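Listing of entry.pdb, PDB, C-alpha atoms
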ATOM      1  CA  MET A 317      53.661  26.101  16.043  1.00  0.00           C
ATOM      2  CA  ILE A 318      54.207  29.634  14.768  1.00  0.00           C
ATOM      3  CA  CYS A 319      52.101  32.162  12.875  1.00  0.00           C
ATOM      4  CA  LEU A 320      52.927  31.989   9.167  1.00  0.00           C
ATOM      5  CA  GLU A 321      52.482  35.752   8.912  1.00  0.00           C
ATOM      6  CA  CYS A 322      54.314  37.259  11.904  1.00  0.00           C
ATOM      7  CA  LYS A 323      56.276  34.222  13.177  1.00  0.00           C
ATOM      8  CA  LYS A 324      54.765  34.647  16.675  1.00  0.00           C
ATOM      9  CA  GLU A 325      54.582  31.456  18.709  1.00  0.00           C
ATOM     10  CA  LEU A 326      51.052  30.061  18.867  1.00  0.00           C
ATOM     11  CA  GLY A 327      49.174  28.619  21.795  1.00  0.00           C
ATOM     12  CA  TYR A 328      47.058  25.516  21.332  1.00  0.00           C
ATOM     13  CA  LEU A 329      43.750  27.418  20.946  1.00  0.00           C
ATOM     14  CA  ASP A 330      45.086  29.895  18.378  1.00  0.00           C
ATOM     15  CA  HIS A 331      46.591  27.010  16.426  1.00  0.00           C
ATOM     16  CA  LYS A 332      43.416  24.913  16.575  1.00  0.00           C
ATOM     17  CA  ASN A 333      41.065  27.780  15.663  1.00  0.00           C
ATOM     18  CA  ALA A 334      43.153  28.881  12.689  1.00  0.00           C
ATOM     19  CA  MET A 335      43.668  25.345  11.406  1.00  0.00           C
ATOM     20  CA  ASP A 336      39.972  24.494  11.781  1.00  0.00           C
ATOM     21  CA  SER A 337      38.737  27.548   9.878  1.00  0.00           C
ATOM     22  CA  ALA A 338      41.565  28.548   7.510  1.00  0.00           C
ATOM     23  CA  GLY A 339      43.756  25.466   7.293  1.00  0.00           C
ATOM     24  CA  VAL A 340      46.935  27.411   8.133  1.00  0.00           C
ATOM     25  CA  GLU A 341      48.730  28.339  11.348  1.00  0.00           C
ATOM     26  CA  LEU A 342      47.947  31.957  12.244  1.00  0.00           C
ATOM     27  CA  CYS A 343      47.899  34.015  15.433  1.00  0.00           C
ATOM     28  CA  MET A 344      44.565  35.489  16.524  1.00  0.00           C
ATOM     29  CA  LYS A 345      45.310  38.870  14.879  1.00  0.00           C
ATOM     30  CA  HIS A 346      46.133  37.379  11.470  1.00  0.00           C
ATOM     31  CA  HIS A 347      43.416  34.745  11.726  1.00  0.00           C
ATOM     32  CA  GLU A 348      40.848  37.524  12.217  1.00  0.00           C
ATOM     33  CA  ARG A 349      42.220  39.357   9.151  1.00  0.00           C
ATOM     34  CA  ILE A 350      41.927  36.218   7.036  1.00  0.00           C
ATOM     35  CA  GLU A 351      38.376  35.646   8.302  1.00  0.00           C
ATOM     36  CA  LEU A 352      37.462  39.208   7.216  1.00  0.00           C
ATOM     37  CA  LEU A 353      38.988  38.538   3.798  1.00  0.00           C
ATOM     38  CA  ILE A 354      37.065  35.274   3.443  1.00  0.00           C
ATOM     39  CA  ASN A 355      33.805  36.998   4.369  1.00  0.00           C
ATOM     40  CA  LYS A 356      34.393  40.022   2.119  1.00  0.00           C
ATOM     41  CA  HIS A 357      35.624  38.215  -1.024  1.00  0.00           C
ATOM     42  CA  ASN A 358      34.403  34.650  -0.525  1.00  0.00           C
ATOM     43  CA  THR A 359      38.050  33.590  -0.723  1.00  0.00           C
ATOM     44  CA  PRO A 360      38.458  29.826  -1.103  1.00  0.00           C
ATOM     45  CA  LEU A 361      40.388  28.199   1.755  1.00  0.00           C
ATOM     46  CA  GLU A 362      42.650  26.613  -0.846  1.00  0.00           C
ATOM     47  CA  ALA A 363      43.654  30.105  -2.045  1.00  0.00           C
ATOM     48  CA  ILE A 364      44.739  30.966   1.493  1.00  0.00           C
ATOM     49  CA  GLN A 365      46.639  27.704   1.854  1.00  0.00           C
ATOM     50  CA  LEU A 366      48.326  28.193  -1.535  1.00  0.00           C
ATOM     51  CA  TYR A 367      49.206  31.815  -0.713  1.00  0.00           C
ATOM     52  CA  TYR A 368      51.005  30.778   2.485  1.00  0.00           C
ATOM     53  CA  ALA A 369      52.685  27.796   0.785  1.00  0.00           C
ATOM     54  CA  LEU A 370      53.991  30.142  -1.920  1.00  0.00           C
ATOM     55  CA  LYS A 371      55.147  32.564   0.775  1.00  0.00           C
ATOM     56  CA  GLU A 372      57.034  29.746   2.527  1.00  0.00           C
ATOM     57  CA  ALA A 373      58.670  28.906  -0.839  1.00  0.00           C
ATOM     58  CA  GLY A 374      59.887  32.513  -1.140  1.00  0.00           C
ATOM     59  CA  VAL A 375      57.309  33.693  -3.678  1.00  0.00           C
ATOM     60  CA  ASN A 376      56.146  37.270  -3.147  1.00  0.00           C
ATOM     61  CA  SER A 377      52.427  37.192  -3.940  1.00  0.00           C
ATOM     62  CA  MET A 378      49.279  39.115  -3.048  1.00  0.00           C
ATOM     63  CA  LEU A 379      46.054  37.610  -1.747  1.00  0.00           C
ATOM     64  CA  GLU A 380      42.793  39.061  -3.137  1.00  0.00           C
ATOM     65  CA  TRP A 381      44.486  41.614  -5.365  1.00  0.00           C
ATOM     66  CA  TRP A 382      42.199  44.105  -7.136  1.00  0.00           C
ATOM     67  CA  ASP A 383      43.093  44.234 -10.849  1.00  0.00           C
ATOM     68  CA  GLY A 384      40.836  47.206 -11.617  1.00  0.00           C
ATOM     69  CA  LYS A 385      37.945  44.999 -12.652  1.00  0.00           C
ATOM     70  CA  LYS A 386      37.715  42.224 -10.074  1.00  0.00           C
ATOM     71  CA  SER A 387      39.485  40.660  -7.135  1.00  0.00           C
ATOM     72  CA  ILE A 388      42.085  38.021  -8.063  1.00  0.00           C
ATOM     73  CA  ASP A 389      42.614  35.138  -5.596  1.00  0.00           C
ATOM     74  CA  ILE A 390      46.420  35.323  -5.846  1.00  0.00           C
ATOM     75  CA  ALA A 391      48.527  37.681  -7.939  1.00  0.00           C
ATOM     76  CA  ILE A 392      52.253  37.478  -8.542  1.00  0.00           C
ATOM     77  CA  SER A 393      52.922  40.883 -10.056  1.00  0.00           C
ATOM     78  CA  ARG A 394      56.646  40.388 -10.695  1.00  0.00           C
ATOM     79  CA  VAL A 395      55.819  37.946 -13.508  1.00  0.00           C
ATOM     80  CA  LYS A 396      52.284  39.221 -14.194  1.00  0.00           C
ATOM     81  CA  LEU A 397      50.610  35.986 -13.125  1.00  0.00           C
ATOM     82  CA  ASN A 398      47.052  35.809 -11.795  1.00  0.00           C
ATOM     83  CA  ILE A 399      45.921  32.622 -10.062  1.00  0.00           C
ATOM     84  CA  GLU A 400      42.258  31.806  -9.584  1.00  0.00           C
ATOM     85  CA  ILE A 401      41.144  28.839  -7.481  1.00  0.00           C
ATOM     86  CA  ASP A 402      38.114  27.099  -8.959  1.00  0.00           C
ATOM     87  CA  SER A 403      36.001  25.700  -6.149  1.00  0.00           C
ATOM     88  CA  ALA A 404      32.888  24.946  -8.182  1.00  0.00           C
ATOM     89  CA  TYR A 405      34.418  23.951 -11.518  1.00  0.00           C
ATOM     90  CA  ASP A 406      32.257  20.818 -11.674  1.00  0.00           C
ATOM     91  CA  LYS A 407      29.112  22.992 -11.606  1.00  0.00           C
ATOM     92  CA  LEU A 408      30.349  25.466 -14.240  1.00  0.00           C
ATOM     93  CA  THR A 409      27.671  26.702 -16.637  1.00  0.00           C
ATOM     94  CA  GLU A 410      28.313  27.741 -20.232  1.00  0.00           C
ATOM     95  CA  HIS A 411      27.772  31.377 -19.204  1.00  0.00           C
ATOM     96  CA  GLU A 412      30.352  31.162 -16.402  1.00  0.00           C
ATOM     97  CA  ALA A 413      32.806  29.396 -18.703  1.00  0.00           C
ATOM     98  CA  ILE A 414      32.633  32.134 -21.358  1.00  0.00           C
ATOM     99  CA  ASN A 415      32.928  34.801 -18.630  1.00  0.00           C
ATOM    100  CA  ASN A 416      36.075  33.062 -17.361  1.00  0.00           C
ATOM    101  CA  LEU A 417      37.495  33.034 -20.885  1.00  0.00           C
ATOM    102  CA  GLU A 418      36.673  36.736 -21.378  1.00  0.00           C
ATOM    103  CA  GLU A 419      38.292  37.631 -18.024  1.00  0.00           C
ATOM    104  CA  ALA A 420      41.418  35.699 -19.041  1.00  0.00           C
ATOM    105  CA  MET A 421      41.446  37.571 -22.369  1.00  0.00           C
ATOM    106  CA  HIS A 422      41.196  40.972 -20.630  1.00  0.00           C
ATOM    107  CA  SER A 423      44.015  40.014 -18.255  1.00  0.00           C
ATOM    108  CA  PHE A 424      46.125  38.834 -21.183  1.00  0.00           C
ATOM    109  CA  LYS A 425      45.521  42.098 -23.051  1.00  0.00           C
ATOM    110  CA  ASN A 426      46.847  43.883 -19.948  1.00  0.00           C
ATOM    111  CA  GLY A 427      49.963  41.705 -19.986  1.00  0.00           C
ATOM    112  CA  PHE A 428      48.857  39.216 -17.322  1.00  0.00           C
ATOM    113  CA  THR A 429      48.587  35.457 -17.598  1.00  0.00           C
ATOM    114  CA  THR A 430      45.681  33.918 -15.696  1.00  0.00           C
ATOM    115  CA  ILE A 431      45.678  30.292 -14.614  1.00  0.00           C
ATOM    116  CA  ARG A 432      42.745  28.528 -13.011  1.00  0.00           C
ATOM    117  CA  ILE A 433      43.522  25.725 -10.563  1.00  0.00           C
ATOM    118  CA  PRO A 434      40.841  23.338  -9.277  1.00  0.00           C
ATOM    119  CA  HIS A 435      40.615  23.494  -5.498  1.00  0.00           C
ATOM    120  CA  ILE A 436      41.129  19.745  -5.147  1.00  0.00           C
ATOM    121  CA  VAL A 437      44.570  20.043  -6.755  1.00  0.00           C
ATOM    122  CA  VAL A 438      45.626  22.517  -4.056  1.00  0.00           C
ATOM    123  CA  ARG A 439      43.982  20.444  -1.328  1.00  0.00           C
ATOM    124  CA  TYR A 440      45.675  17.153  -2.231  1.00  0.00           C
ATOM    125  CA  TYR A 441      48.811  18.251  -4.118  1.00  0.00           C
ATOM    126  CA  LEU A 442      49.857  21.506  -2.431  1.00  0.00           C
ATOM    127  CA  ASN A 443      53.637  21.005  -2.765  1.00  0.00           C
ATOM    128  CA  GLU A 444      53.362  19.904  -6.391  1.00  0.00           C
ATOM    129  CA  THR A 445      51.113  22.890  -7.115  1.00  0.00           C
ATOM    130  CA  VAL A 446      53.683  25.281  -5.610  1.00  0.00           C
ATOM    131  CA  ASN A 447      56.473  23.654  -7.646  1.00  0.00           C
ATOM    132  CA  ASN A 448      54.439  23.938 -10.845  1.00  0.00           C
ATOM    133  CA  ILE A 449      53.643  27.601 -10.170  1.00  0.00           C
ATOM    134  CA  ILE A 450      57.350  28.283  -9.602  1.00  0.00           C
ATOM    135  CA  GLY A 451      58.032  26.570 -12.951  1.00  0.00           C
ATOM    136  CA  ILE A 452      55.395  28.751 -14.637  1.00  0.00           C
ATOM    137  CA  MET A 453      56.994  31.824 -13.035  1.00  0.00           C
ATOM    138  CA  GLN A 454      60.404  30.818 -14.403  1.00  0.00           C
ATOM    139  CA  GLY A 455      58.921  30.453 -17.890  1.00  0.00           C
ATOM    140  CA  LEU A 456      57.193  33.833 -17.628  1.00  0.00           C
ATOM    141  CA  LYS A 457      60.430  35.491 -16.391  1.00  0.00           C
ATOM    142  CA  ALA A 458      62.333  34.025 -19.348  1.00  0.00           C
ATOM    143  CA  ASN A 459      59.698  35.345 -21.766  1.00  0.00           C
ATOM    144  CA  ILE A 460      59.719  38.790 -20.146  1.00  0.00           C
ATOM    145  CA  LYS A 461      63.520  38.961 -20.612  1.00  0.00           C
ATOM    146  CA  VAL A 462      63.212  37.916 -24.285  1.00  0.00           C
ATOM    147  CA  ILE A 463      60.562  40.585 -24.951  1.00  0.00           C
ATOM    148  CA  ASN A 464      62.495  43.388 -23.237  1.00  0.00           C
TER     149      ASN A 464
END
Before anything else, please render the file you have as structure tokens.
Amino acid sequence: MICLECKKELGYLDHKNAMDSAGVELCMKHHERIELLINKHNTPLEAIQLYYALKEAGVNSMLEWWDGKKSIDIAISRVKLNIEIDSAYDKLTEHEAINNLEEAMHSFKNGFTTIRIPHIVVRYYLNETVNNIIGIMQGLKANIKVIN
């Protein structure tokens, strides 16, 4: 049991506390930072789990990245990919749906692709989600090379 952030060995209590509240193995220092992030941005737990799974897969991403207009759950700037985790997609109103579409349009106009992933996909298919994101990144890299 090691911290996914600093690779420090974890004791039982640090491991249990982090897993119970964030779903990932973190030392007390990094667990407290994640708790602050969750409280400040209402970050879905699945975004945290996906961020660390991407990190373990070698993907350099940013958690709760500010794009100038709003905070993005996960951003992969190298390929201009924004990832939003939908935790209440089943309760989406028409107003929220059009706002999501407008936000995606603004991101696209700024050269970013935004994908929205239902939280249950991350929860139950984390490895497959990471593999699909890596595939999307490869496609975006290929398109960036063609454009340049």
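Of the residues under consideration (A:His347, A:Ile436, A:Tyr441, A:Ile450), A:Ile450 shows the shortest atom-to-atom contact distance to Asn376 in chain A when counting only C-alpha atoms.
Here CA of Leu442 in chain A and CA of Leu417 in chain A stand 25.0 Å from one another.
For the choices A:Lys356, A:Arg432, A:Lys396, A:Lys324, the atom-to-atom distance to Gly455 in chain A is smallest for A:Lys396 when using all atoms listed in the file.
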Extract, using all atoms listed in the file, all DNA, RNA and protein residues at most 10 Å from Arg439 in chain A, discarding same-chain residues fewer than 2 positions from it, and format them as a PDB file with C-alpha atoms, in the frame of the given file.
ATOM      1  CA  GLY A 339      43.756  25.466   7.293  1.00  0.00           C
ATOM      2  CA  LEU A 361      40.388  28.199   1.755  1.00  0.00           C
ATOM      3  CA  GLU A 362      42.650  26.613  -0.846  1.00  0.00           C
ATOM      4  CA  ALA A 363      43.654  30.105  -2.045  1.00  0.00           C
ATOM      5  CA  GLN A 365      46.639  27.704   1.854  1.00  0.00           C
ATOM      6  CA  LEU A 366      48.326  28.193  -1.535  1.00  0.00           C
ATOM      7  CA  PRO A 434      40.841  23.338  -9.277  1.00  0.00           C
ATOM      8  CA  HIS A 435      40.615  23.494  -5.498  1.00  0.00           C
ATOM      9  CA  ILE A 436      41.129  19.745  -5.147  1.00  0.00           C
ATOM     10  CA  VAL A 437      44.570  20.043  -6.755  1.00  0.00           C
ATOM     11  CA  TYR A 441      48.811  18.251  -4.118  1.00  0.00           C
ATOM     12  CA  LEU A 442      49.857  21.506  -2.431  1.00  0.00           C
ATOM     13  CA  ASN A 443      53.637  21.005  -2.765  1.00  0.00           C
ATOM     14  CA  THR A 445      51.113  22.890  -7.115  1.00  0.00           C
TER      15      THR A 445
END
Taking the file as I've supplied it (selection: the PyMOL selection byres ((chain A and resi 403) around 7)), which residues are included? Please answer as a PDB file with C-alpha atoms, in the frame of the given file.
ATOM      1  CA  PRO A 360      38.458  29.826  -1.103  1.00  0.00           C
ATOM      2  CA  ILE A 401      41.144  28.839  -7.481  1.00  0.00           C
ATOM      3  CA  ASP A 402      38.114  27.099  -8.959  1.00  0.00           C
ATOM      4  CA  ALA A 404      32.888  24.946  -8.182  1.00  0.00           C
ATOM      5  CA  TYR A 405      34.418  23.951 -11.518  1.00  0.00           C
ATOM      6  CA  PRO A 434      40.841  23.338  -9.277  1.00  0.00           C
ATOM      7  CA  HIS A 435      40.615  23.494  -5.498  1.00  0.00           C
TER       8      HIS A 435
END
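What separates CA of Gly451 in chain A from CA of Ile392 in chain A is a distance of 13.1 Å.
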Self-check item: CA of Lys457 in chain A to CA of Ala413 in chain A, distance in Å rounded to a single decimal
Solution: 28.4 Å
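Proximity of A:Thr409, A:Gln454, A:Ser393, A:Asn448 to Met378 in chain A, computed with all atoms listed in the file, is greatest for A:Ser393.
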Would you be able to write out as a PDB file with C-alpha atoms, in the frame of the given file which residues have an atom within 12 Å of (57.6, 26.5, 17.9) in the file's coordinates, counting all atoms listed in the file?
ATOM      1  CA  MET A 317      53.661  26.101  16.043  1.00  0.00           C
ATOM      2  CA  ILE A 318      54.207  29.634  14.768  1.00  0.00           C
ATOM      3  CA  CYS A 319      52.101  32.162  12.875  1.00  0.00           C
ATOM      4  CA  LEU A 320      52.927  31.989   9.167  1.00  0.00           C
ATOM      5  CA  LYS A 323      56.276  34.222  13.177  1.00  0.00           C
ATOM      6  CA  LYS A 324      54.765  34.647  16.675  1.00  0.00           C
ATOM      7  CA  GLU A 325      54.582  31.456  18.709  1.00  0.00           C
ATOM      8  CA  LEU A 326      51.052  30.061  18.867  1.00  0.00           C
ATOM      9  CA  GLY A 327      49.174  28.619  21.795  1.00  0.00           C
ATOM     10  CA  TYR A 328      47.058  25.516  21.332  1.00  0.00           C
ATOM     11  CA  HIS A 331      46.591  27.010  16.426  1.00  0.00           C
ATOM     12  CA  GLU A 341      48.730  28.339  11.348  1.00  0.00           C
TER      13      GLU A 341
END
Practice problem: Tell me which of A:Cys343, A:Ala458, A:Val446, A:Ala391 sits closest to Phe428 in chain A, counting all atoms listed in the file. | Solution: A:Ala391
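Distances here use all atoms listed in the file; by that measure, the residue among A:Arg394, A:Lys345, A:Lys371, A:Lys386 closest to Met453 in chain A is A:Arg394.
Closest approach to Glu400 in chain A from the set A:Phe424, A:Ile431, A:Met344, A:Glu372 is made by A:Ile431, with distances taken over all atoms listed in the file.
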Exercise. Write out as JSON, numbers by chain which residues come within 9 Å of Thr429 in chain A when counting all atoms listed in the file, dropping same-chain ones fewer than 3 positions away.
Key: {"A": [395, 396, 397, 398, 399, 420, 421, 423, 424, 426, 456]}
Quiz item: Could you name the residues that touch Arg349 in chain A at 12 Å or less, counting all atoms listed in the file, but leaving out those on the same chain fewer than 3 positions away, as a list of chain:residue names?
Solution: A:Glu321, A:Ala334, A:Ala338, A:Leu342, A:Cys343, A:Met344, A:Lys345, A:His346, A:Leu352, A:Leu353, A:Ile354, A:Asn355, A:Lys356, A:Ile364, A:Leu379
Save range 342-355 of chain A of the structure in the block above to a file, with N, CA, C and O atoms included, as a PDB file, in the first residue's frame.
ATOM      1  N   LEU A 342      -3.957   7.155  -0.740  1.00  0.00           N
ATOM      2  CA  LEU A 342      -3.221   8.407  -0.562  1.00  0.00           C
ATOM      3  C   LEU A 342      -2.737   8.519   0.877  1.00  0.00           C
ATOM      4  O   LEU A 342      -3.424   8.089   1.797  1.00  0.00           O
ATOM      5  N   CYS A 343      -1.564   9.151   1.048  1.00  0.00           N
ATOM      6  CA  CYS A 343      -1.076   9.452   2.390  1.00  0.00           C
ATOM      7  C   CYS A 343      -1.959  10.553   2.984  1.00  0.00           C
ATOM      8  O   CYS A 343      -2.777  11.156   2.277  1.00  0.00           O
ATOM      9  N   MET A 344      -1.781  10.830   4.264  1.00  0.00           N
ATOM     10  CA  MET A 344      -2.618  11.830   4.929  1.00  0.00           C
ATOM     11  C   MET A 344      -2.498  13.196   4.251  1.00  0.00           C
ATOM     12  O   MET A 344      -3.504  13.870   4.020  1.00  0.00           O
ATOM     13  N   LYS A 345      -1.287  13.605   3.902  1.00  0.00           N
ATOM     14  CA  LYS A 345      -1.052  14.911   3.270  1.00  0.00           C
ATOM     15  C   LYS A 345      -1.836  15.035   1.948  1.00  0.00           C
ATOM     16  O   LYS A 345      -2.549  16.012   1.732  1.00  0.00           O
ATOM     17  N   HIS A 346      -1.721  14.039   1.098  1.00  0.00           N
ATOM     18  CA  HIS A 346      -2.397  14.106  -0.205  1.00  0.00           C
ATOM     19  C   HIS A 346      -3.895  13.840  -0.081  1.00  0.00           C
ATOM     20  O   HIS A 346      -4.684  14.389  -0.849  1.00  0.00           O
ATOM     21  N   HIS A 347      -4.281  13.050   0.887  1.00  0.00           N
ATOM     22  CA  HIS A 347      -5.705  12.825   1.137  1.00  0.00           C
ATOM     23  C   HIS A 347      -6.369  14.141   1.559  1.00  0.00           C
ATOM     24  O   HIS A 347      -7.461  14.477   1.094  1.00  0.00           O
ATOM     25  N   GLU A 348      -5.705  14.901   2.419  1.00  0.00           N
ATOM     26  CA  GLU A 348      -6.248  16.191   2.851  1.00  0.00           C
ATOM     27  C   GLU A 348      -6.369  17.156   1.666  1.00  0.00           C
ATOM     28  O   GLU A 348      -7.348  17.902   1.561  1.00  0.00           O
ATOM     29  N   ARG A 349      -5.391  17.146   0.769  1.00  0.00           N
ATOM     30  CA  ARG A 349      -5.455  18.005  -0.424  1.00  0.00           C
ATOM     31  C   ARG A 349      -6.639  17.644  -1.312  1.00  0.00           C
ATOM     32  O   ARG A 349      -7.335  18.505  -1.816  1.00  0.00           O
ATOM     33  N   ILE A 350      -6.846  16.335  -1.490  1.00  0.00           N
ATOM     34  CA  ILE A 350      -7.974  15.882  -2.311  1.00  0.00           C
ATOM     35  C   ILE A 350      -9.300  16.251  -1.647  1.00  0.00           C
ATOM     36  O   ILE A 350     -10.250  16.672  -2.315  1.00  0.00           O
ATOM     37  N   GLU A 351      -9.370  16.120  -0.329  1.00  0.00           N
ATOM     38  CA  GLU A 351     -10.588  16.504   0.395  1.00  0.00           C
ATOM     39  C   GLU A 351     -10.885  17.992   0.195  1.00  0.00           C
ATOM     40  O   GLU A 351     -12.046  18.371  -0.003  1.00  0.00           O
ATOM     41  N   LEU A 352      -9.854  18.843   0.244  1.00  0.00           N
ATOM     42  CA  LEU A 352     -10.045  20.279  -0.011  1.00  0.00           C
ATOM     43  C   LEU A 352     -10.563  20.516  -1.420  1.00  0.00           C
ATOM     44  O   LEU A 352     -11.459  21.335  -1.638  1.00  0.00           O
ATOM     45  N   LEU A 353     -10.013  19.794  -2.378  1.00  0.00           N
ATOM     46  CA  LEU A 353     -10.445  19.914  -3.775  1.00  0.00           C
ATOM     47  C   LEU A 353     -11.904  19.499  -3.931  1.00  0.00           C
ATOM     48  O   LEU A 353     -12.690  20.186  -4.589  1.00  0.00           O
ATOM     49  N   ILE A 354     -12.270  18.391  -3.307  1.00  0.00           N
ATOM     50  CA  ILE A 354     -13.651  17.907  -3.362  1.00  0.00           C
ATOM     51  C   ILE A 354     -14.594  18.960  -2.783  1.00  0.00           C
ATOM     52  O   ILE A 354     -15.629  19.281  -3.375  1.00  0.00           O
ATOM     53  N   ASN A 355     -14.224  19.521  -1.646  1.00  0.00           N
ATOM     54  CA  ASN A 355     -15.078  20.517  -0.994  1.00  0.00           C
ATOM     55  C   ASN A 355     -15.156  21.818  -1.786  1.00  0.00           C
ATOM     56  O   ASN A 355     -16.208  22.449  -1.834  1.00  0.00           O
TER      57      ASN A 355
END
